[in-house]
$ cat coords-v4.csv   # CSV, C-alpha atoms and all ligand atoms
chain,number,residue,atom,x,y,z
A,692,MET,CA,-9.0,-5.8,-13.9
A,693,LYS,CA,-9.6,-3.4,-11.0
A,694,ILE,CA,-10.7,-5.4,-8.0
A,695,CYS,CA,-12.1,-3.6,-4.9
A,696,ARG,CA,-13.5,-4.5,-1.5
A,697,PHE,CA,-16.3,-2.3,-0.3
A,698,ASN,CA,-19.0,-1.7,2.3
A,699,ASP,CA,-19.7,-4.8,4.4
A,700,ASN,CA,-16.8,-6.9,2.9
A,701,ARG,CA,-18.3,-7.0,-0.6
A,702,LEU,CA,-16.2,-7.8,-3.6
A,703,GLY,CA,-16.4,-5.5,-6.7
A,704,ILE,CA,-14.7,-4.7,-9.9
A,705,VAL,CA,-14.3,-1.0,-10.9
A,706,GLU,CA,-15.3,0.0,-14.4
A,707,GLY,CA,-15.3,3.8,-15.0
A,708,ASP,CA,-17.3,5.4,-12.3
A,709,GLU,CA,-19.2,2.3,-11.4
A,710,VAL,CA,-18.6,-0.7,-9.1
A,711,LEU,CA,-20.0,-4.1,-10.2
A,712,ASP,CA,-20.9,-6.2,-7.2
A,713,VAL,CA,-19.3,-9.7,-7.8
A,714,THR,CA,-19.3,-10.9,-4.2
A,715,ALA,CA,-20.6,-14.3,-5.3
A,716,ALA,CA,-17.2,-15.0,-6.9
A,717,LEU,CA,-15.8,-15.4,-3.4
A,718,ASP,CA,-17.4,-18.9,-3.4
A,719,VAL,CA,-14.4,-20.1,-5.3
A,720,LEU,CA,-12.2,-19.6,-2.3
A,721,PRO,CA,-11.5,-22.7,-0.3
A,722,ALA,CA,-13.3,-23.5,3.0
A,723,LEU,CA,-10.5,-23.6,5.6
A,724,ARG,CA,-10.0,-25.0,9.1
A,725,TYR,CA,-7.7,-23.8,11.8
A,726,PRO,CA,-4.7,-23.2,11.6
A,727,TYR,CA,-5.4,-20.8,8.7
A,728,PRO,CA,-2.7,-20.1,6.1
A,729,VAL,CA,-0.7,-16.9,6.8
A,730,HIS,CA,-1.3,-15.5,3.3
A,731,ASP,CA,-4.2,-13.8,1.6
A,732,GLN,CA,-6.7,-16.2,0.1
A,733,LEU,CA,-8.2,-13.8,-2.4
A,734,VAL,CA,-4.8,-13.0,-4.0
A,735,ALA,CA,-3.7,-16.7,-3.8
A,736,HIS,CA,-6.7,-17.7,-5.8
A,737,LEU,CA,-6.8,-14.7,-8.2
A,738,PRO,CA,-6.8,-16.7,-11.5
A,739,GLU,CA,-9.9,-18.8,-10.5
A,740,LEU,CA,-11.5,-15.7,-9.0
A,741,ARG,CA,-11.1,-13.7,-12.2
A,742,THR,CA,-12.7,-16.5,-14.3
A,743,ARG,CA,-15.7,-16.5,-11.9
A,744,ILE,CA,-15.9,-12.7,-11.9
A,745,ALA,CA,-16.0,-12.7,-15.7
A,746,ALA,CA,-18.9,-15.1,-15.6
A,747,LEU,CA,-20.8,-13.0,-13.1
A,748,LYS,CA,-20.2,-9.6,-14.7
A,749,ALA,CA,-23.2,-9.5,-17.0
A,750,SER,CA,-25.7,-9.9,-14.2
A,751,ALA,CA,-23.8,-8.0,-11.6
A,752,THR,CA,-25.5,-5.1,-9.7
A,753,ARG,CA,-23.9,-1.8,-10.6
A,754,LEU,CA,-23.3,0.9,-8.0
A,755,PRO,CA,-21.9,4.4,-8.3
A,756,LEU,CA,-18.2,4.3,-7.3
A,757,ALA,CA,-18.6,7.6,-5.4
A,758,ARG,CA,-21.2,6.0,-3.1
A,759,VAL,CA,-19.3,2.9,-1.9
A,760,ASN,CA,-17.0,2.7,1.1
A,761,LEU,CA,-13.7,1.3,-0.1
A,762,LEU,CA,-11.8,-1.1,2.1
A,763,SER,CA,-8.3,-2.4,1.8
A,764,PRO,CA,-8.2,-4.5,-1.5
A,765,VAL,CA,-6.0,-7.0,0.3
A,766,ALA,CA,-7.7,-8.1,3.5
A,767,ASN,CA,-5.2,-10.5,5.1
A,768,PRO,CA,-1.6,-9.8,3.9
A,769,GLY,CA,0.9,-12.2,5.6
A,770,LYS,CA,3.3,-9.3,6.0
A,771,ILE,CA,3.7,-5.6,5.0
A,772,ILE,CA,7.2,-5.0,3.8
A,773,ALA,CA,8.4,-1.4,3.3
A,774,ALA,CA,11.4,0.3,1.8
A,775,PRO,CA,12.8,3.1,4.1
A,776,VAL,CA,14.7,5.5,1.9
A,777,ASN,CA,14.3,4.7,-1.7
A,778,TYR,CA,14.3,8.0,-3.5
A,779,VAL,CA,17.5,10.1,-3.7
A,780,LYS,CA,15.8,13.5,-3.1
A,781,HIS,CA,13.9,12.1,-0.1
A,782,LEU,CA,17.2,10.8,1.4
A,783,GLN,CA,18.6,14.3,1.0
A,784,GLU,CA,15.6,16.0,2.6
A,785,VAL,CA,15.8,13.6,5.6
A,786,LEU,CA,19.5,14.1,6.0
A,787,ASP,CA,19.1,17.9,5.9
A,788,ASP,CA,16.3,18.2,8.5
A,789,PRO,CA,16.8,17.2,12.2
A,790,ASN,CA,13.0,17.1,12.6
A,791,LEU,CA,13.0,14.3,10.1
A,792,HIS,CA,16.1,12.3,11.1
A,793,HIS,CA,16.1,12.7,14.9
A,794,ASP,CA,19.7,11.5,15.0
A,795,ASN,CA,18.7,8.2,13.6
A,796,GLN,CA,21.3,6.8,11.3
A,797,ILE,CA,19.8,7.4,7.9
A,798,SER,CA,21.3,5.8,4.8
A,799,HIS,CA,20.2,4.7,1.4
A,800,ILE,CA,18.2,1.5,1.1
A,801,GLN,CA,21.0,-0.8,0.0
A,802,ARG,CA,22.5,-0.2,3.4
A,803,ALA,CA,19.4,0.3,5.5
A,804,GLY,CA,17.5,-2.7,4.1
A,805,LEU,CA,13.7,-3.2,4.6
A,806,PHE,CA,11.4,-3.1,7.5
A,807,LEU,CA,7.9,-4.4,8.4
A,808,LYS,CA,4.7,-2.6,9.3
A,809,ALA,CA,2.2,-4.2,11.6
A,810,ASN,CA,-0.7,-6.0,9.7
A,811,SER,CA,-3.1,-4.4,12.2
A,812,SER,CA,-2.2,-1.0,10.8
A,813,LEU,CA,-4.0,-1.7,7.5
A,814,ASN,CA,-7.0,0.4,6.5
A,815,GLY,CA,-8.9,1.1,3.3
A,816,ALA,CA,-9.4,4.6,1.8
A,817,ALA,CA,-12.9,5.1,3.3
A,818,GLU,CA,-11.7,4.2,6.8
A,819,GLY,CA,-9.2,7.1,6.8
A,820,VAL,CA,-6.4,7.6,9.3
A,821,THR,CA,-7.0,8.3,13.0
A,822,LEU,CA,-4.1,10.1,14.7
A,823,VAL,CA,-2.9,8.4,17.8
A,824,LEU,CA,-0.3,10.8,19.2
A,825,PRO,CA,-1.5,14.3,18.3
A,826,ASP,CA,1.4,15.9,20.2
A,827,ARG,CA,3.9,14.2,17.9
A,828,ARG,CA,4.8,15.3,14.3
A,829,THR,CA,3.1,12.8,11.9
A,830,ASP,CA,3.8,12.8,8.2
A,831,HIS,CA,2.3,11.6,5.0
A,832,GLU,CA,4.2,9.3,2.6
A,833,ILE,CA,2.6,8.2,-0.7
A,834,GLU,CA,4.1,5.0,-2.2
A,835,LEU,CA,3.6,2.6,-5.0
A,836,VAL,CA,2.7,-0.8,-3.5
A,837,ALA,CA,3.3,-4.1,-5.3
A,838,VAL,CA,1.1,-7.0,-4.2
A,839,ILE,CA,2.9,-10.4,-4.4
A,840,GLY,CA,0.9,-13.0,-6.3
A,841,LYS,CA,2.7,-16.3,-5.7
A,842,THR,CA,5.3,-17.7,-3.3
A,843,ALA,CA,8.7,-16.3,-4.0
A,844,ARG,CA,12.1,-17.2,-2.5
A,845,ASN,CA,15.5,-16.0,-3.9
A,846,VAL,CA,13.9,-14.5,-7.0
A,847,LYS,CA,16.1,-12.7,-9.5
A,848,ALA,CA,15.2,-9.2,-10.5
A,849,ALA,CA,14.8,-10.3,-14.1
A,850,ASP,CA,12.0,-12.7,-13.2
A,851,ALA,CA,10.5,-10.7,-10.4
A,852,LEU,CA,7.4,-9.2,-12.2
A,853,ASP,CA,6.2,-12.8,-12.7
A,854,TYR,CA,5.6,-12.8,-9.0
A,855,VAL,CA,3.4,-9.7,-8.9
A,856,ALA,CA,-0.4,-10.0,-8.7
A,857,GLY,CA,-1.0,-6.3,-9.1
A,858,TYR,CA,-0.5,-2.8,-7.7
A,859,SER,CA,-2.2,-0.3,-5.4
A,860,ILE,CA,-1.6,3.1,-3.9
A,861,GLY,CA,-0.2,3.1,-0.4
A,862,LEU,CA,0.1,5.6,2.4
A,863,ASP,CA,2.8,5.0,4.9
A,864,ILE,CA,1.8,7.3,7.7
A,865,THR,CA,4.8,8.1,10.0
A,866,ILE,CA,5.3,9.5,13.4
A,867,ARG,CA,8.7,11.4,13.4
A,868,GLY,CA,11.0,10.6,16.3
A,869,PRO,CA,13.8,8.5,17.6
A,870,GLU,CA,12.0,5.1,17.9
A,871,GLU,CA,12.3,2.2,15.5
A,872,ARG,CA,10.5,2.7,12.2
A,873,SER,CA,8.3,-0.4,12.8
A,874,LEU,CA,6.9,1.3,15.9
A,875,ARG,CA,6.4,4.8,14.5
A,876,LYS,CA,4.7,3.5,11.3
A,877,SER,CA,2.4,0.8,12.8
A,878,PRO,CA,-0.3,2.4,14.8
A,879,ASP,CA,-3.8,1.3,13.8
A,880,SER,CA,-4.8,3.0,10.5
A,881,TYR,CA,-1.3,4.1,9.6
A,882,THR,CA,-1.1,1.9,6.5
A,883,VAL,CA,-3.7,2.8,3.9
A,884,LEU,CA,-4.1,0.6,0.8
A,885,GLY,CA,-6.3,1.4,-2.2
A,886,PRO,CA,-8.4,2.5,-3.8
A,887,TRP,CA,-8.4,-1.0,-5.4
A,888,LEU,CA,-6.0,-3.7,-6.7
A,889,THR,CA,-5.1,-3.1,-10.4
A,890,THR,CA,-4.0,-6.5,-11.8
A,891,ALA,CA,-0.4,-6.6,-13.1
A,892,ASP,CA,-1.5,-7.2,-16.7
A,893,GLU,CA,-2.7,-3.6,-16.8
A,894,ILE,CA,0.7,-2.1,-15.8
A,895,ALA,CA,3.3,-2.7,-18.4
A,896,ASN,CA,6.1,-1.0,-16.4
A,897,PRO,CA,5.8,-0.2,-12.7
A,898,GLY,CA,9.0,1.9,-13.1
A,899,GLN,CA,7.3,4.6,-15.2
A,900,LEU,CA,4.3,5.7,-13.2
A,901,ALA,CA,3.5,9.3,-12.3
A,902,MET,CA,2.4,9.8,-8.7
A,903,GLU,CA,1.0,12.7,-6.8
A,904,LEU,CA,-0.3,13.4,-3.3
A,905,LEU,CA,-2.4,16.5,-2.7
A,906,ILE,CA,-3.6,17.7,0.7
A,907,ASN,CA,-6.7,19.9,0.8
A,908,GLY,CA,-6.1,20.4,-2.9
A,909,GLN,CA,-2.4,21.4,-2.7
A,910,THR,CA,0.3,19.3,-4.2
A,911,ARG,CA,2.8,18.0,-1.6
A,912,GLN,CA,4.5,15.1,-3.3
A,913,LYS,CA,4.9,14.7,-7.0
A,914,THR,CA,7.3,12.5,-8.9
A,915,SER,CA,7.5,9.3,-11.0
A,916,THR,CA,8.4,5.8,-9.9
A,917,SER,CA,11.3,6.2,-12.4
A,918,GLU,CA,13.1,8.0,-9.6
A,919,LEU,CA,13.1,4.9,-7.3
A,920,ILE,CA,16.6,3.8,-6.2
A,921,LEU,CA,15.5,0.1,-6.1
A,922,GLY,CA,12.5,-0.5,-8.3
A,923,VAL,CA,9.8,-3.2,-7.8
A,924,GLN,CA,12.0,-5.9,-9.4
A,925,ALA,CA,15.0,-5.1,-7.3
A,926,LEU,CA,12.9,-4.9,-4.1
A,927,ILE,CA,11.5,-8.4,-4.7
A,928,GLU,CA,15.0,-9.8,-5.3
A,929,PHE,CA,16.2,-8.1,-2.1
A,930,GLY,CA,13.2,-9.1,0.0
A,931,SER,CA,13.0,-12.6,-1.2
A,932,ARG,CA,16.6,-13.3,-0.1
A,933,PHE,CA,15.5,-12.6,3.5
A,934,TYR,CA,11.9,-13.8,3.7
A,935,THR,CA,9.7,-16.1,1.6
A,936,LEU,CA,7.2,-13.9,0.0
A,937,HIS,CA,3.6,-15.2,0.0
A,938,PRO,CA,0.5,-14.3,-2.1
A,939,GLY,CA,-0.9,-11.1,-0.7
A,940,ASP,CA,2.3,-9.8,0.9
A,941,LEU,CA,2.6,-6.1,0.3
A,942,ILE,CA,5.7,-4.3,-0.7
A,943,PHE,CA,5.6,-0.5,0.0
A,944,THR,CA,8.3,0.8,-2.3
A,945,GLY,CA,9.2,4.0,-0.5
A,946,THR,CA,8.2,7.6,-0.6
A,947,PRO,CA,9.6,10.5,-2.7
A,948,GLU,CA,10.5,14.0,-1.4
A,949,GLY,CA,7.9,16.4,-0.1
A,950,VAL,CA,6.9,14.7,3.2
A,951,SER,CA,5.2,17.2,5.6
A,952,PRO,CA,3.1,17.1,8.8
A,953,ILE,CA,-0.6,16.3,8.7
A,954,GLU,CA,-3.4,17.2,11.0
A,955,ALA,CA,-6.9,16.2,11.8
A,956,GLY,CA,-9.3,17.4,9.1
A,957,ASP,CA,-6.8,17.1,6.3
A,958,GLN,CA,-8.2,15.5,3.1
A,959,PHE,CA,-5.7,13.6,1.0
A,960,SER,CA,-6.0,12.9,-2.6
A,961,ALA,CA,-3.5,10.2,-3.7
A,962,ARG,CA,-3.0,9.3,-7.4
A,963,ILE,CA,-0.7,6.9,-9.2
A,964,GLU,CA,-0.9,6.6,-13.0
A,965,GLY,CA,-3.0,3.5,-14.0
A,966,LEU,CA,-4.0,2.8,-10.3
A,967,GLY,CA,-6.7,5.4,-9.8
A,968,GLU,CA,-7.1,8.0,-7.2
A,969,MET,CA,-8.2,7.7,-3.5
A,970,GLN,CA,-9.5,10.2,-1.1
A,971,VAL,CA,-8.5,9.7,2.5
A,972,LEU,CA,-9.5,11.8,5.6
A,973,ILE,CA,-7.3,12.4,8.6
A,974,LYS,CA,-9.4,12.0,11.7
A,975,PRO,CA,-8.7,13.4,15.2
A,976,HIS,CA,-7.4,11.4,18.0
A,977,LEU,CA,-10.2,10.0,20.1
A,978,ALA,CA,-9.6,10.0,23.9
A,979,ASN,CA,-10.8,6.9,25.7
B,1,MN,MN,7.6,5.0,3.7
$ encode --input "coords-v4.csv" --output "structure tokens"
Amino acid sequence: MKICRFNDNRLGIVEGDEVLDVTAALDVLPALRYPYPVHDQLVAHLPELRTRIAALKASATRLPLARVNLLSPVANPGKIIAAPVNYVKHLQEVLDDPNLHHDNQISHIQRAGLFLKANSSLNGAAEGVTLVLPDRRTDHEIELVAVIGKTARNVKAADALDYVAGYSIGLDITIRGPEERSLRKSPDSYTVLGPWLTTADEIANPGQLAMELLINGQTRQKTSTSELILGVQALIEFGSRFYTLHPGDLIFTGTPEGVSPIEAGDQFSARIEGLGEMQVLIKPHLAN
């Protein structure tokens, strides 16, 4: 099932070039009182939600996919975890280019570990990316994103896919420079998730997915997730040793080689096999 959020916080499922409006299924989510849980309610209740969606489908209003504004399919992730240098060829391109490494100590992921991006940086495809520091080099990074489906602590790699609710395409927009990654990668809109959540039952092997990022129709990044140093299973094992993973937590798995600067007006097309394709516009910095 391909689950999307669109327009004014509506819930849909994507079938071909149509969106079926199943917003009424959100009634299965619990009424909550403060303090709210720090995980995503939609993902935490995905099994019940899917049952309700199936019941609503026949009478759902159908809309053309091309006409809806896609929001982040996960609205309230408890945390956004990201893998810094997780493709061998990307490690090499960063080590080779001072404009990429800025004298930061760059090493492979087993040594560098993971980092967090601010939850407030999360946008959907239709919301685009708004540049915040137009005088600083800012790059695109396409990444496979795993969405955690249930609470995970000290999970072994062999069991890790049992903890995945689904997958989406991610953009980890990055200001180059000497600051910590979490600062450079966390301005508002610098984390894009979409175009929708493809549930895990549709993806037999997240380690064999072709991926490609085009800007203004030209290919910039193109590889397969088979090139990942630590795949989804190993990242869940690694991450769950440090933090408890909760439903809706996002794991950005890292970007392949081919990163390059972006500018206002650029139109991204990001594709991952089985997860769809999303169009994302880079918008100019807006002065106050
Ligand atoms: Mn990245």
$ closest_residue --input "coords-v4.csv" --among "A:Arg875, A:Lys841, A:Lys770, A:Arg827" --to "Asn810 of chain A" --atoms "all atoms listed in the file"
A:Lys770
$ residues_near_ligand --input "coords-v4.csv" --ligand "ligand MN 1 (chain B)" --cutoff "7 Å" --atoms "only C-alpha atoms and all ligand atoms" --output "count of residues only"
9
$ residues_around --input "coords-v4.csv" --residues "segment 759-763 of chain A" --least-positions-apart "5" --cutoff "7 Å" --atoms "all atoms listed in the file" --output "NGL selection string"
:A and (696-698 or 814-817 or 884-886)
$ closest_residue --input "coords-v4.csv" --among "A:Leu888, A:Glu784, A:Glu870, A:Val719" --to "Gly857 of chain A" --atoms "only C-alpha atoms"
A:Leu888
$ atom_distance --input "coords-v4.csv" --atom1 "atom CA of Leu921 of chain A" --atom2 "atom CA of Ile800 of chain A"
7.8 Å
$ residues_around --input "coords-v4.csv" --residues "Gly868 of chain A" --least-positions-apart "3" --cutoff "9 Å" --atoms "all atoms listed in the file" --output "JSON, numbers by chain"
{"A": [790, 791, 792, 793, 794, 795, 827, 828, 871, 872, 875]}
$ write_last_selection --input "coords-v4.csv" --atoms "C-alpha atoms" --output "compact mmCIF listing (two decimals), in the frame of the given file"
# COMPACT_ATOMS: atom_id res chain seq x y z
CA ASN A 790 13.00 17.10 12.60
CA LEU A 791 13.00 14.30 10.10
CA HIS A 792 16.10 12.30 11.10
CA HIS A 793 16.10 12.70 14.90
CA ASP A 794 19.70 11.50 15.00
CA ASN A 795 18.70 8.20 13.60
CA ARG A 827 3.90 14.20 17.90
CA ARG A 828 4.80 15.30 14.30
CA GLU A 871 12.30 2.20 15.50
CA ARG A 872 10.50 2.70 12.20
CA ARG A 875 6.40 4.80 14.50
